[in-house]
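Data file: upload-v5.txt. Format and content: compact mmCIF, C-alpha atoms.
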```
# COMPACT_ATOMS: atom_id res chain seq x y z
CA MET A 3 0.00 0.00 0.00
CA SER A 4 2.97 2.37 0.18
CA ASP A 5 2.36 2.87 -3.53
CA LEU A 6 -0.72 4.91 -2.58
CA GLY A 7 1.30 8.06 -1.95
CA SER A 8 0.50 11.12 -4.00
CA ALA A 9 0.79 10.94 -7.77
CA PRO A 10 -0.94 12.90 -10.51
CA ILE A 11 -4.11 11.48 -12.01
CA PRO A 12 -2.95 9.46 -15.02
CA GLY A 13 -3.88 10.81 -18.42
CA LEU A 14 -5.89 8.76 -20.85
CA ASN A 15 -4.49 5.26 -21.28
CA ALA A 16 -5.28 2.28 -23.48
CA ASP A 17 -7.22 0.53 -20.69
CA ASP A 18 -9.68 3.39 -20.20
CA HIS A 19 -13.32 3.10 -21.21
CA VAL A 20 -13.87 6.07 -23.50
CA ARG A 21 -16.81 7.34 -25.51
CA GLY A 22 -17.70 10.54 -27.30
CA PRO A 23 -16.29 12.39 -30.28
CA ALA A 24 -12.53 12.05 -30.56
CA ASP A 25 -12.15 15.80 -31.05
CA ALA A 26 -14.36 16.77 -28.08
CA PRO A 27 -12.84 17.93 -24.77
CA LEU A 28 -11.87 14.99 -22.60
CA VAL A 29 -13.35 14.59 -19.13
CA ILE A 30 -12.18 11.75 -16.90
CA VAL A 31 -14.91 10.69 -14.48
CA TYR A 32 -14.25 8.82 -11.23
CA ALA A 33 -17.61 7.43 -10.18
CA ASP A 34 -19.46 4.49 -8.70
CA PHE A 35 -22.66 2.88 -9.87
CA GLU A 36 -24.48 3.13 -6.55
CA CYS A 37 -23.83 6.85 -6.15
CA PRO A 38 -26.93 8.91 -6.96
CA TYR A 39 -24.87 12.03 -7.58
CA CYS A 40 -22.90 10.06 -10.17
CA ALA A 41 -26.12 9.03 -11.92
CA ALA A 42 -27.24 12.66 -11.99
CA ALA A 43 -23.84 13.72 -13.31
CA GLU A 44 -24.01 11.10 -16.05
CA LEU A 45 -27.29 12.57 -17.27
CA LYS A 46 -25.69 16.00 -17.52
CA LEU A 47 -22.55 14.70 -19.19
CA LYS A 48 -24.58 12.82 -21.80
CA ARG A 49 -26.16 16.07 -22.92
CA ALA A 50 -22.81 17.72 -23.59
CA ARG A 51 -20.42 17.25 -26.46
CA LEU A 52 -17.62 15.68 -24.46
CA ARG A 53 -15.30 12.74 -24.66
CA ILE A 54 -15.81 10.81 -21.46
CA ALA A 55 -13.40 8.36 -19.84
CA PHE A 56 -14.97 6.40 -16.98
CA ARG A 57 -12.92 5.13 -14.04
CA HIS A 58 -14.23 3.15 -11.08
CA PHE A 59 -14.16 4.62 -7.59
CA PRO A 60 -16.32 2.32 -5.47
CA VAL A 61 -16.13 3.14 -1.76
CA ARG A 62 -17.47 0.00 -0.16
CA LEU A 63 -18.46 1.50 3.18
CA SER A 64 -20.63 4.16 1.58
CA HIS A 65 -21.99 2.02 -1.24
CA PRO A 66 -21.81 -1.73 -0.60
CA ARG A 67 -23.27 -2.58 -4.01
CA ALA A 68 -20.88 -0.38 -5.94
CA TRP A 69 -18.07 -2.90 -6.15
CA PRO A 70 -20.20 -5.80 -7.54
CA ALA A 71 -21.77 -3.35 -9.97
CA ALA A 72 -18.33 -2.23 -11.13
CA CYS A 73 -17.37 -5.90 -11.59
CA ALA A 74 -20.50 -6.42 -13.69
CA ALA A 75 -19.61 -3.47 -15.91
CA GLU A 76 -16.07 -4.76 -16.38
CA ALA A 77 -17.31 -8.28 -17.11
CA ALA A 78 -19.67 -6.84 -19.71
CA GLY A 79 -16.70 -4.91 -21.07
CA LEU A 80 -14.88 -8.18 -21.66
CA GLN A 81 -17.73 -8.94 -24.05
CA ASP A 82 -17.44 -5.43 -25.56
CA ARG A 83 -20.56 -4.12 -23.83
CA PHE A 84 -19.10 -1.92 -21.08
CA TRP A 85 -20.97 1.27 -21.93
CA GLU A 86 -24.28 -0.51 -22.39
CA MET A 87 -23.93 -2.07 -18.93
CA HIS A 88 -22.75 1.28 -17.56
CA ASP A 89 -25.94 2.93 -18.80
CA LEU A 90 -28.19 0.14 -17.53
CA LEU A 91 -26.60 0.29 -14.06
CA PHE A 92 -27.01 4.04 -13.74
CA ALA A 93 -30.56 3.82 -15.10
CA ASP A 94 -31.83 1.86 -12.08
CA GLN A 95 -29.74 2.12 -8.93
CA GLY A 96 -32.47 0.55 -6.86
CA ARG A 97 -31.75 -2.81 -8.45
CA LEU A 98 -28.10 -3.74 -8.05
CA GLU A 99 -28.31 -7.19 -6.47
CA ASP A 100 -27.06 -10.30 -8.27
CA PRO A 101 -30.39 -11.22 -9.94
CA HIS A 102 -30.63 -7.67 -11.25
CA LEU A 103 -27.11 -7.85 -12.65
CA TRP A 104 -27.91 -11.16 -14.35
CA ALA A 105 -31.08 -9.64 -15.80
CA ARG A 106 -29.06 -6.80 -17.31
CA ALA A 107 -26.56 -9.29 -18.75
CA ARG A 108 -29.47 -11.17 -20.33
CA THR A 109 -30.89 -7.94 -21.73
CA LEU A 110 -27.54 -7.27 -23.40
CA GLY A 111 -27.36 -10.79 -24.76
CA LEU A 112 -24.15 -11.60 -22.93
CA ASP A 113 -22.77 -15.08 -22.48
CA LEU A 114 -24.09 -15.44 -18.93
CA GLU A 115 -21.75 -18.16 -17.81
CA ARG A 116 -18.76 -16.18 -18.95
CA PHE A 117 -20.18 -12.96 -17.48
CA ASP A 118 -20.57 -14.58 -14.09
CA ALA A 119 -17.10 -16.11 -14.12
CA ASP A 120 -15.50 -12.89 -15.31
CA ARG A 121 -17.17 -10.62 -12.77
CA ARG A 122 -15.76 -12.72 -9.95
CA GLY A 123 -12.35 -13.12 -11.58
CA ALA A 124 -8.97 -11.68 -10.65
CA ALA A 125 -8.57 -9.69 -13.87
CA VAL A 126 -11.74 -7.69 -13.26
CA THR A 127 -10.80 -7.09 -9.62
CA ALA A 128 -7.37 -5.88 -10.64
CA ARG A 129 -8.84 -3.55 -13.24
CA ILE A 130 -11.17 -1.86 -10.76
CA LYS A 131 -8.45 -1.66 -8.13
CA GLN A 132 -6.18 0.02 -10.64
CA ASP A 133 -8.78 2.73 -11.26
CA PHE A 134 -9.53 3.16 -7.57
CA GLU A 135 -5.88 3.44 -6.57
CA SER A 136 -5.11 5.91 -9.34
CA GLY A 137 -7.90 8.06 -7.92
CA VAL A 138 -6.68 7.74 -4.34
CA ARG A 139 -3.15 8.72 -5.35
CA GLY A 140 -4.48 11.70 -7.24
CA GLY A 141 -6.55 12.92 -4.27
CA VAL A 142 -10.00 11.70 -5.29
CA VAL A 143 -12.08 11.47 -2.12
CA THR A 144 -15.66 11.58 -3.25
CA THR A 145 -17.82 10.76 -6.24
CA PRO A 146 -18.33 11.93 -8.80
CA THR A 147 -14.96 13.57 -9.32
CA LEU A 148 -14.32 14.94 -12.78
CA ILE A 149 -10.89 15.70 -14.16
CA ALA A 150 -10.99 18.30 -16.86
CA ASP A 151 -8.13 20.46 -17.98
CA GLY A 152 -5.97 18.89 -15.30
CA ALA A 153 -8.17 20.03 -12.40
CA LEU A 154 -10.31 17.93 -10.05
CA ARG A 155 -13.94 19.02 -9.87
CA THR A 156 -16.51 17.76 -7.42
CA GLY A 157 -20.04 18.71 -6.54
CA ASP A 158 -22.27 20.43 -9.02
CA PHE A 159 -20.67 21.34 -12.30
CA ASP A 160 -21.57 23.17 -15.47
CA VAL A 161 -21.26 20.93 -18.53
CA ARG A 162 -21.10 23.97 -20.79
CA ALA A 163 -18.04 25.11 -18.89
CA LEU A 164 -16.50 21.65 -19.26
CA GLY A 165 -17.24 21.71 -22.97
CA ALA A 166 -15.42 25.00 -23.30
CA LEU A 167 -12.27 23.58 -21.76
CA GLY A 168 -9.33 22.30 -23.67
CA ALA A 169 -9.43 19.29 -21.40
CA ASP A 170 -6.72 16.77 -21.92
CA GLY A 171 -6.95 15.05 -18.53
CA ARG A 172 -3.24 15.27 -17.99
CA MET B 19 -10.51 34.88 28.27
CA SER B 20 -10.93 33.13 24.95
CA GLN B 21 -7.90 32.54 22.77
CA PRO B 22 -7.85 34.02 19.28
CA ALA B 23 -8.22 31.58 16.40
CA ALA B 24 -4.82 30.57 15.06
CA GLU B 25 -3.91 31.52 11.53
CA GLY B 26 -3.03 28.07 10.29
CA PRO B 27 -2.33 24.53 11.34
CA ILE B 28 0.63 23.74 13.52
CA PRO B 29 3.59 23.26 11.16
CA ALA B 30 5.59 20.10 10.58
CA GLY B 31 8.60 19.98 12.87
CA ALA B 32 6.83 21.63 15.79
CA PRO B 33 6.21 19.65 18.96
CA ALA B 34 2.57 18.75 19.44
CA PRO B 35 0.89 21.20 21.80
CA GLU B 36 -0.55 20.47 25.20
CA PHE B 37 -4.25 19.65 24.80
CA THR B 38 -7.08 17.64 26.25
CA LEU B 39 -9.68 15.83 24.19
CA ARG B 40 -12.28 13.30 25.31
CA ARG B 41 -12.48 9.75 24.02
CA GLU B 42 -15.89 8.25 23.33
CA ASP B 43 -15.83 6.60 26.77
CA GLY B 44 -15.29 10.00 28.38
CA SER B 45 -11.65 9.45 29.30
CA GLU B 46 -9.03 12.08 28.57
CA PHE B 47 -6.79 11.94 25.51
CA THR B 48 -3.79 14.24 25.89
CA ARG B 49 -0.37 14.93 24.45
CA LYS B 50 0.96 12.07 26.54
CA ASP B 51 -1.16 9.64 24.50
CA LEU B 52 0.72 10.67 21.37
CA GLU B 53 4.10 9.61 22.69
CA GLY B 54 5.40 6.32 21.34
CA ASN B 55 2.70 6.10 18.67
CA THR B 56 2.11 7.54 15.25
CA THR B 57 -1.15 9.43 15.39
CA VAL B 58 -3.31 10.69 12.56
CA LEU B 59 -5.75 13.37 13.69
CA VAL B 60 -8.55 14.01 11.22
CA PHE B 61 -10.25 17.28 12.13
CA TYR B 62 -13.71 17.61 10.62
CA PRO B 63 -16.37 20.31 10.98
CA PHE B 64 -19.49 18.44 12.06
CA ALA B 65 -20.78 14.95 12.71
CA PHE B 66 -23.41 13.87 10.19
CA SER B 67 -22.49 16.47 7.57
CA PRO B 68 -22.42 14.69 4.20
CA VAL B 69 -18.88 15.60 3.28
CA CYS B 70 -17.51 14.18 6.55
CA THR B 71 -19.40 11.01 5.77
CA ASP B 72 -17.56 10.54 2.49
CA GLN B 73 -14.24 11.41 4.04
CA LEU B 74 -14.24 8.96 6.95
CA GLY B 75 -15.75 6.16 4.85
CA LEU B 76 -13.02 6.50 2.27
CA TYR B 77 -10.26 6.63 4.89
CA GLU B 78 -11.57 3.49 6.53
CA ASP B 79 -11.85 1.74 3.17
CA VAL B 80 -8.39 2.71 1.97
CA LEU B 81 -6.44 2.86 5.21
CA GLY B 82 -8.21 0.41 7.53
CA ASP B 83 -5.66 -2.37 7.09
CA TYR B 84 -2.78 -0.10 6.31
CA LEU B 85 -2.54 2.05 9.43
CA PRO B 86 -1.86 -0.81 11.87
CA LYS B 87 0.94 -2.04 9.62
CA ARG B 88 2.52 1.39 9.94
CA GLY B 89 1.96 1.44 13.69
CA ALA B 90 -0.44 4.34 13.26
CA THR B 91 -3.80 5.11 14.79
CA MET B 92 -6.34 7.45 13.24
CA TYR B 93 -8.80 9.55 15.22
CA GLY B 94 -11.66 11.75 14.09
CA VAL B 95 -11.74 15.08 15.94
CA SER B 96 -14.65 17.51 16.09
CA CYS B 97 -16.33 19.84 18.55
CA ASP B 98 -19.40 17.61 18.71
CA ALA B 99 -20.29 15.92 21.97
CA SER B 100 -19.03 12.34 22.33
CA TRP B 101 -22.56 10.95 22.13
CA SER B 102 -23.04 12.58 18.74
CA GLN B 103 -19.65 11.38 17.53
CA THR B 104 -20.40 7.80 18.53
CA ALA B 105 -23.79 7.90 16.82
CA PHE B 106 -22.11 9.34 13.72
CA ARG B 107 -19.39 6.68 13.70
CA GLU B 108 -21.93 3.90 14.15
CA LYS B 109 -24.13 5.28 11.40
CA LEU B 110 -21.18 5.32 9.01
CA GLY B 111 -20.14 1.83 10.04
CA VAL B 112 -16.55 2.95 10.53
CA SER B 113 -14.24 2.02 13.37
CA ILE B 114 -12.20 5.24 13.46
CA PRO B 115 -12.30 6.29 17.14
CA GLN B 116 -13.58 9.78 17.82
CA LEU B 117 -12.17 12.51 20.05
CA SER B 118 -14.37 15.33 21.28
CA ASP B 119 -13.31 18.96 21.68
CA PHE B 120 -16.65 19.86 23.19
CA GLU B 121 -15.73 21.57 26.46
CA PRO B 122 -14.04 23.96 26.61
CA LYS B 123 -15.24 24.12 23.05
CA GLY B 124 -12.51 24.12 20.42
CA ALA B 125 -9.62 24.48 22.87
CA ALA B 126 -7.65 21.60 21.37
CA CYS B 127 -8.47 22.71 17.83
CA ARG B 128 -7.11 26.15 18.69
CA ALA B 129 -3.96 24.56 20.10
CA PHE B 130 -3.43 22.77 16.79
CA GLY B 131 -4.28 25.94 14.85
CA VAL B 132 -7.30 24.47 13.11
CA TYR B 133 -10.27 26.24 14.72
CA HIS B 134 -12.58 27.87 12.21
CA PRO B 135 -13.89 31.33 13.15
CA GLY B 136 -17.37 29.90 12.55
CA GLY B 137 -17.05 27.82 15.70
CA PHE B 138 -16.01 24.41 14.37
CA PRO B 139 -12.82 22.63 13.32
CA GLN B 140 -11.31 23.34 9.95
CA ARG B 141 -11.09 20.31 7.73
CA ALA B 142 -7.49 19.40 8.51
CA LEU B 143 -5.03 16.58 9.00
CA VAL B 144 -2.25 16.51 11.59
CA ILE B 145 0.10 13.55 11.82
CA VAL B 146 2.29 13.29 14.89
CA GLY B 147 5.23 10.91 15.06
CA PRO B 148 6.10 8.70 18.04
CA ASP B 149 8.49 11.44 19.20
CA GLY B 150 5.57 13.81 19.73
CA VAL B 151 6.65 16.03 16.84
CA VAL B 152 4.28 17.02 14.06
CA ALA B 153 5.35 15.18 10.90
CA MET B 154 2.73 16.65 8.61
CA SER B 155 -0.15 19.07 8.75
CA TYR B 156 -2.65 20.16 6.16
CA GLN B 157 -5.68 22.39 6.20
CA ALA B 158 -8.14 22.19 3.31
CA PRO B 159 -8.79 25.45 1.48
CA SER B 160 -12.40 25.32 2.68
CA PRO B 161 -14.47 23.01 4.89
CA ALA B 162 -16.10 21.64 1.73
CA ASP B 163 -12.76 20.41 0.37
CA LEU B 164 -11.62 16.97 1.39
CA PRO B 165 -8.03 15.98 2.02
CA GLY B 166 -7.22 12.83 0.07
CA ALA B 167 -6.09 9.57 1.64
CA ASN B 168 -2.89 10.02 -0.39
CA GLN B 169 -1.96 12.91 1.88
CA ILE B 170 -2.15 10.64 4.91
CA ILE B 171 0.09 8.11 3.19
CA ASP B 172 2.54 10.91 2.38
CA GLY B 173 2.50 11.98 6.02
CA LEU B 174 3.16 8.46 7.24
CA ASP B 175 6.04 8.24 4.78
CA ALA B 176 7.39 11.43 6.32
CA VAL B 177 7.19 9.83 9.76
CA ALA B 178 9.04 6.76 8.47
CA ALA B 179 11.68 8.91 6.82
CA GLY B 180 12.15 10.91 10.02
CA SER B 181 12.54 7.77 12.07
CA SER B 182 15.05 6.25 9.70
CA ALA B 183 17.05 9.48 9.67
CA VAL B 184 17.51 9.47 13.45
```

With the file now loaded, output its structure as structure tokens.
Amino acid sequence: MSDLGSAPIPGLNADDHVRGPADAPLVIVYADFECPYCAAAELKLKRARLRIAFRHFPVRLSHPRAWPAACAAEAAGLQDRFWEMHDLLFADQGRLEDPHLWARARTLGLDLERFDADRRGAAVTARIKQDFESGVRGGVVTTPTLIADGALRTGDFDVRALGALGADGR
Amino acid sequence: MSQPAAEGPIPAGAPAPEFTLRREDGSEFTRKDLEGNTTVLVFYPFAFSPVCTDQLGLYEDVLGDYLPKRGATMYGVSCDASWSQTAFREKLGVSIPQLSDFEPKGAACRAFGVYHPGGFPQRALVIVGPDGVVAMSYQAPSPADLPGANQIIDGLDAVAAGSSAV
């Protein structure tokens, strides 16, 4: 754990989940799927012309279902459906138990057996931990935290202001 | 006569001040309790305020297993009464013990230089090494800003570096 000392938030890397126009300002979002403020932020971000990179920041004590939900999103990602699962999770935060996760996987037409093995696997755990630790090292404390133009932003934010930034996340 | 609010947190390198706080069981926690241990004091404005909730939950999640390995103990410090602090801690489901600066209100916070003119602790971190000397201190720009867990790790690294240098 001594590797959790301060370090800048990493810029965009090949592992990141990214969507949005390639030439739009980049916003890196540290969020968790059980956080209602994150769901509200996602709605605002969707309305803006932004390139979004999503990173997991599940704090288990605050949101006990956030970690399994993050695993479900990563497992869906291994079947190239990360963003679809991301949207389904944020769309209904009242249903994040195992049967609800399986139902979403079915809706997306995932290979259920593989989904269930992957979401409990070491690779998915390591992937989420990597995101979480990069946030901790960079000073992320709460969700959602947005990194735009090199600055951490929490609380309410103005998507138009984010869109006006030359955000490179570095 | 009341003391004026200090202008900033006690700096690294200064000996910890004399102070008296109350543990949740009502017993005194003083400068003497810092000696021989690494102590992380997390000053927060109010029990049950949402930002404090995030802060202590994250610290417990990230640092719960880590602090004992570094021989460190973390305490939450506020001007709330011990009963409120205990209820707050139990509601959060965290184990971070709480220290109350309730009466005389804010006296310990003033001694550490982290008393907000509004009548509550600044959001601040103070890490004291086993020698009773402040190894790291940090005060957030505003009570709404949260110090990251990374800053606590950095402070514990400073304690380790200081120890190894002796």

key: Spatial sel., origin (-15.0, 1.2, 11.6), limit 12 Å, only C-alpha atoms, listed as an NGL selection string   = (:A and (63-64)) or (:B and (74-83 or 92-94 or 104 or 106-116))

For Ser155 in chain B: contacts at 7 Å, all atoms listed in the file, fewer than 3 positions along chain excluded, given as a PyMOL selection string: chain B and resi 27-30+143-145

With distances taken over all atoms listed in the file, the candidate from A:Leu110, A:Val61, A:His102, A:Asp25 nearest chain B is A:Val61

**Message:** What's around Tyr62 in chain B at 9 Å? Count all atoms listed in the file, leave out sequence neighbours fewer than 3 positions away in its own chain, and write the answer as a ChimeraX atom specification.
**Reply:** /B:65,70,94-97,138-143,161

Taking only residues of chain B that have an atom at most 6 Å from an atom of chain A, what is each one's shortest atom pair and its distance in Å to one decimal, using only C-alpha atoms, in chain and number order, as a tab-separated table?
```
residue	atom	partner	partner_atom	distance
B:Gly75	CA	A:Leu63	CA	5.6
B:Gly166	CA	A:Gly141	CA	4.4
B:Asn168	CA	A:Gly7	CA	4.9
B:Ile171	CA	A:Gly7	CA	5.3
B:Asp172	CA	A:Gly7	CA	5.3
```

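When all atoms listed in the file are used to measure the gap to Asp82 in chain A, the shortest distance among A:His19, A:Ala128, A:Asp94, A:Arg51 belongs to A:His19.
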
Min atom-atom distance to Cys37 in chain A from the set A:Pro101, A:Gly96, A:Gly123, A:Gly111, counting only C-alpha atoms, belongs to A:Gly96

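Residue nearest Ala16 in chain A, chosen from A:Leu112, A:Ala75, A:Ala33, A:Ala55 and counting all atoms listed in the file: A:Ala55.
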
One decimal place gives the CA of Gly137 in chain B-CA of Pro63 in chain B separation as 8.9 Å

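Taking CA of Pro33 in chain B as the reference point, CA of Gly180 in chain B is found at 13.8 Å.
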
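Distance-wise, CA of Asp175 in chain B and CA of Tyr156 in chain B end up 14.8 Å apart.
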
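Shortest atom-to-atom contact with Glu99 in chain A among A:Ala78, A:Glu36, A:Pro146, A:Ala50: A:Glu36, counting all atoms listed in the file.
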
Size and centre in Å, one decimal, axis-aligned box, all listed range 103-122 of chain A atoms plus 4 Å per side, as AutoDock Vina command-line options:
```
--center_x -23.3 --center_y -12.5 --center_z -17.4 --size_x 23.6 --size_y 19.4 --size_z 22.8
```
